[in-house]
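K.L.:
Let me give you the structure first, and then I'll get to my questions.
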Amino acid sequence: MEEKLNDQMLVRRKKMQELREKGIDPFGQSYERTADSKSLNEEFGALSKEEIAEKTRTVRIAGRIRSKRRMGKIGFIHLQDRYGQIQAVINKNIIGEENYELFKSSDLGDIVGIEGEVFRTDAGELSVSCQVYTHLTKALRPLPDKYSGLTDVEERYRRRYVDLIMNEDSRRIAFARPRIIRAVQKYLEEEWKLTEVETPILQPILSGAAARPFVTHHNTLDRDFYLRIATELPLKRLIVGGMEGVYEIGRIFRNEGMDPKHNPEFTTVEAYVAYSDLEGMMRLTEGVFESAAMACNGNTDVEVGGHKLSLKAPYKKLNMTDAVNEKTGKDFRTLSLEEAEAVAKEFHVELENHEHTLGHIIDKLFEALCEEDLIEPTFVWGHPIEISPLAKKDPKDPRFTQRFEFYVNGTEYANAFTELNDPLDQKERFEKQLELKNQGDEEASEMDEDYVEALEYGMPPTGGIGIGIDRMVMLLTGAESIRDVLLYPTMKQRGE
């Protein structure tokens with residue numbers, strides 16, 4: 001159904017046609033800028049009116065008109081560029097009647113270029129005195145009201161382009177995210193000498209994590225593939241191959257629910273370091289978060305969930321089973337399966353068919369009773385083997401593994417292992433995962449014979465970690481929803 005144009009949209013289309021009749025392209029040509037709002041404020045922001053006048057600097061700026069007012073033969077507009085806003089003053093006596101009429105007919109949202117001298121107004125505002133006014137792009141739709149903006153949160157995410165125009169906080173997060181990612185890359189490469197690599201998104205085998213996949217079909221090969229749920233096994237093959245230290249920042253796809261902390265496609269960084277272990281991955285985690293915080297905010301302080309926290313190392317360490325023991329008053333290292341099931345029932349923790357193991361019960365109780373108390377940055381270590389098919393066994397107690405998850409304010413941000421490099425043990429773990437899949441666990445891994453074969457060539461002792469980039473950006477920018485840090489989050493269709 002064709003959209004009916006409202007009065008404002010009709011007026012703007014009429015102005016578009018009038019521009020064409022004057023020989024002006026409503027959608028413009030290239031425009032060479034010599035300055036922007038940031039560079040002007042950096043150069044002139046601290047100078048007085050007289051000091052700026054002595055410089056007599058002419059600049060060319062461009063941006064979207066966000067405000068406009070006229071006082072007789074003088075007009076004022078604020079142009080918005082990627083960094084912020086700068087005022088331009090339009091004097092009819094300087095630019096001439098024809099160009100002043102062009103300015104008068106402009107609308108909020110139009111994009112224009114201004115060439116002129118930098119000065120400070122009598123009111124003290126840094127501005128550009130226009131000498132040449134250039135129309136660049138006609139906006140055919142009016143912007144939302146500047147006071148109410150996009151009040152519908154769902155529409156903010158669907159029409160991110162309008163949100164970025166209207167919402168300063170959205171722009172702040174959008175530009176902070178790449179700074180955070182660059183900081184992660186710089187730290188891993190400079191401090192750990194890791195090599196950034198790329199691995200396939202289409203995977204023939206479900207492995208690397210416990211998650212439900214998206215399935216697609218390749219017509220030429222006439223076979224199904226999964227969109228990857230992790231980058232783990234391809235990266236560890238590279239460790240076998242002798243690259244020794246690798247990482248990948250990339251999209252992961254999991255066919256699961258959506259909430260403030262989950263989106264079906266998201267970004268992780270996974271890193272693998274030969275000759276390292278769980279302790280090494282703790283140091284790496286501390287360095288990554290400290291470096292990213294400094295790049296984003298200039299310090300290691302964050303505020304999340306009403307708590308003011310520091311990401312300065314070292315971080316607290318907590319054994320998973322010890323935490324569950326403390327909450328339940330039981331010792332899960334000595335309980336039988338029947339006793340553990342009774343404790344789960346006592347604390348109203350429901351178990352699926354495949355979860356009737358001691359390890360799954362510890363994990364479920366930890367999630368229900370302990371996670372919300374993890375406010376300070378905390379490494380939770382010592383996960384049961386049943387929920388850690390790719391982690392090395394704890395030599396002191398093979399029922400548990402050398403694995404940690406990193407939490408802040410009850411939210412998991414990272415998952416790390418001393419990697420399992422015993423091919424016989426790995427094959428046995430895969431076989432147990434197949435048993436779980438047959439019992440109805442849709443998130444269980446499949447058998448990856450090629451990966452087992454790779455391990456048979458010998459993988460050195462290795463530490464590995466996966467960190468959620470989106471959640472890290474949320475933590476460092478103060479965003480409350482993962483949708484705020486994704487430029488294009490997955491959304492329901494309108495009306496659903």
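Ligands are numbered from 1 in the order shown, residues from 1 within each chain, and chains are lettered A, B, ... in the order they appear in the structure tokens.
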Skipping near chain neighbours, those fewer than 6 positions away, what residues fall within 9 Å of segment 282-299 of chain A using only C-alpha atoms, listed as a PyMOL selection string?
P.N.:
chain A and resi 176-177+179-188+191-192+310-315+379+404+406+414+416+465+467+472-473+476-477
K.L.:
Looking only at strand (DSSP E) from DSSP on the backbone, list the matching residues of segment 212-438 of chain A as a PyMOL selection string.
P.N.:
chain A and resi 215-218+223-227+245-253+265-274+301-304+307-310+316-319+378-381+393-394+397-401+403-408+411-418
K.L.:
Quick one: write out the picked residues with C-alpha atoms as a compact mmCIF listing (two decimals), in the first residue's frame?
P.N.:
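This is the output file result_22.txt:
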# COMPACT_ATOMS: atom_id res chain seq x y z
CA VAL A 215 20.48 -24.00 9.51
CA THR A 216 20.86 -23.12 5.84
CA HIS A 217 21.21 -25.15 2.64
CA HIS A 218 23.96 -25.04 0.02
CA ARG A 223 23.77 -30.25 1.98
CA ASP A 224 22.85 -28.30 5.08
CA PHE A 225 25.25 -25.99 6.86
CA TYR A 226 25.07 -24.24 10.21
CA LEU A 227 25.74 -20.56 10.72
CA GLY A 245 48.64 -17.26 18.95
CA VAL A 246 45.49 -16.31 17.03
CA TYR A 247 42.28 -14.36 17.54
CA GLU A 248 39.15 -13.55 15.58
CA ILE A 249 36.57 -10.82 16.06
CA GLY A 250 33.43 -11.90 14.25
CA ARG A 251 29.73 -12.53 14.12
CA ILE A 252 28.19 -15.52 15.88
CA PHE A 253 24.66 -16.82 15.22
CA GLU A 265 23.52 -12.53 15.90
CA PHE A 266 26.24 -11.00 18.01
CA THR A 267 29.98 -10.35 18.03
CA THR A 268 32.69 -12.12 19.99
CA VAL A 269 36.43 -12.11 20.15
CA GLU A 270 37.97 -15.55 20.61
CA ALA A 271 41.70 -15.88 21.30
CA TYR A 272 43.96 -18.93 21.65
CA VAL A 273 47.50 -18.82 23.00
CA ALA A 274 49.86 -21.78 22.78
CA ASP A 301 35.67 3.09 36.27
CA VAL A 302 32.21 1.95 35.16
CA GLU A 303 28.71 2.36 36.53
CA VAL A 304 26.37 -0.58 35.99
CA HIS A 307 26.97 0.13 41.18
CA LYS A 308 30.18 2.09 40.70
CA LEU A 309 32.87 -0.47 39.89
CA SER A 310 36.50 -0.54 38.84
CA LYS A 316 38.21 -11.58 42.37
CA LYS A 317 38.27 -15.41 41.92
CA LEU A 318 35.47 -17.76 43.02
CA ASN A 319 35.15 -21.52 42.69
CA THR A 378 34.84 -11.95 39.27
CA PHE A 379 36.37 -15.05 37.69
CA VAL A 380 34.15 -18.07 38.42
CA TRP A 381 36.25 -21.19 37.86
CA LYS A 393 40.15 -31.78 33.21
CA ASP A 394 41.29 -30.52 36.59
CA ASP A 397 39.57 -33.69 40.50
CA PRO A 398 38.67 -34.91 36.99
CA ARG A 399 34.96 -34.33 37.63
CA PHE A 400 35.72 -30.65 37.07
CA THR A 401 37.58 -28.67 34.42
CA ARG A 403 37.54 -23.31 32.97
CA PHE A 404 36.34 -19.90 34.10
CA GLU A 405 33.56 -17.48 33.26
CA PHE A 406 34.04 -13.77 33.90
CA TYR A 407 31.17 -11.88 35.55
CA VAL A 408 30.38 -8.25 36.33
CA THR A 411 26.31 -10.86 33.80
CA GLU A 412 28.76 -13.15 32.04
CA TYR A 413 31.26 -11.39 29.78
CA ALA A 414 33.85 -14.08 29.00
CA ASN A 415 34.37 -17.84 28.96
CA ALA A 416 37.85 -19.39 29.05
CA PHE A 417 39.56 -22.78 29.22
CA THR A 418 42.82 -24.48 29.57
K.L.:
Check segment 125-248 of chain A with DSSP on the backbone and list each residue it calls helix (DSSP H, G or I), as number ranges by chain.
P.N.:
A: 153-158, 160-166, 168-191, 232-240
K.L.:
Output the selection as a compact mmCIF listing (two decimals), in the first residue's frame - C-alpha atoms for each residue.
P.N.:
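This is the output file selection31.txt:
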# COMPACT_ATOMS: atom_id res chain seq x y z
CA VAL A 153 11.89 2.66 21.48
CA GLU A 154 11.10 0.00 18.89
CA GLU A 155 11.09 2.64 16.15
CA ARG A 156 14.46 3.92 17.37
CA TYR A 157 15.95 0.52 16.59
CA ARG A 158 14.06 0.03 13.32
CA ARG A 160 18.45 3.74 13.39
CA TYR A 161 19.29 6.40 10.80
CA VAL A 162 16.77 8.78 12.42
CA ASP A 163 17.86 7.75 15.90
CA LEU A 164 21.47 8.66 15.09
CA ILE A 165 20.37 12.07 13.84
CA MET A 166 18.26 12.85 16.89
CA GLU A 168 23.30 12.16 20.97
CA ASP A 169 23.67 9.11 23.21
CA SER A 170 23.13 6.76 20.27
CA ARG A 171 25.89 8.56 18.34
CA ARG A 172 28.17 8.36 21.36
CA ILE A 173 27.75 4.59 21.59
CA ALA A 174 28.04 4.11 17.82
CA PHE A 175 31.44 5.80 17.80
CA ALA A 176 32.59 4.24 21.08
CA ARG A 177 32.10 0.68 19.80
CA PRO A 178 34.83 0.77 17.11
CA ARG A 179 37.21 2.45 19.57
CA ILE A 180 36.65 -0.44 21.98
CA ILE A 181 37.25 -3.03 19.26
CA ARG A 182 40.43 -1.28 18.10
CA ALA A 183 41.67 -1.27 21.69
CA VAL A 184 41.06 -5.03 21.98
CA GLN A 185 42.93 -5.65 18.73
CA LYS A 186 45.83 -3.43 19.78
CA TYR A 187 46.16 -5.12 23.16
CA LEU A 188 46.06 -8.67 21.78
CA GLU A 189 48.57 -7.89 19.06
CA GLU A 190 51.00 -5.68 20.99
CA GLU A 191 50.93 -7.37 24.39
CA GLU A 232 36.57 -22.09 18.62
CA LEU A 233 37.45 -25.27 16.71
CA PRO A 234 38.70 -23.62 13.48
CA LEU A 235 40.93 -21.35 15.58
CA LYS A 236 42.36 -24.25 17.58
CA ARG A 237 43.19 -26.06 14.35
CA LEU A 238 45.46 -23.09 13.60
CA ILE A 239 47.22 -23.62 16.92
CA VAL A 240 47.84 -27.22 15.84
K.L.:
Segment 346-355 of chain A: which residues within 6 Å, counting only C-alpha atoms, same-chain residues fewer than 2 positions away excluded, as a PDB file with N, CA and C atoms, in the first residue's frame?
P.N.:
ATOM      1  N   VAL A 343      18.370 -31.611  46.436  1.00  0.00           N
ATOM      2  CA  VAL A 343      18.709 -30.215  46.723  1.00  0.00           C
ATOM      3  C   VAL A 343      18.127 -29.308  45.637  1.00  0.00           C
ATOM      4  N   ALA A 344      18.247 -29.745  44.381  1.00  0.00           N
ATOM      5  CA  ALA A 344      17.687 -28.951  43.283  1.00  0.00           C
ATOM      6  C   ALA A 344      16.185 -28.759  43.473  1.00  0.00           C
ATOM      7  N   THR A 357      22.506 -34.907  35.936  1.00  0.00           N
ATOM      8  CA  THR A 357      23.880 -35.264  36.281  1.00  0.00           C
ATOM      9  C   THR A 357      24.324 -34.306  37.373  1.00  0.00           C
ATOM     10  N   HIS A 360      25.443 -30.881  35.844  1.00  0.00           N
ATOM     11  CA  HIS A 360      24.363 -30.002  35.396  1.00  0.00           C
ATOM     12  C   HIS A 360      23.630 -29.387  36.585  1.00  0.00           C
ATOM     13  N   LEU A 436      23.796 -36.864  24.803  1.00  0.00           N
ATOM     14  CA  LEU A 436      22.905 -35.811  25.290  1.00  0.00           C
ATOM     15  C   LEU A 436      21.966 -35.337  24.182  1.00  0.00           C
ATOM     16  N   GLN A 439      19.187 -37.555  23.808  1.00  0.00           N
ATOM     17  CA  GLN A 439      18.248 -37.442  24.926  1.00  0.00           C
ATOM     18  C   GLN A 439      17.407 -36.167  24.840  1.00  0.00           C
TER      19      GLN A 439
END
K.L.:
Which residues are close to Thr334 of chain A, i.e. within 12 Å by only C-alpha atoms, leaving aside same-chain residues fewer than 3 positions away? Reply as JSON, numbers by chain.
P.N.:
{"A": [321, 325, 330, 331, 337, 338, 339, 340, 358, 399]}
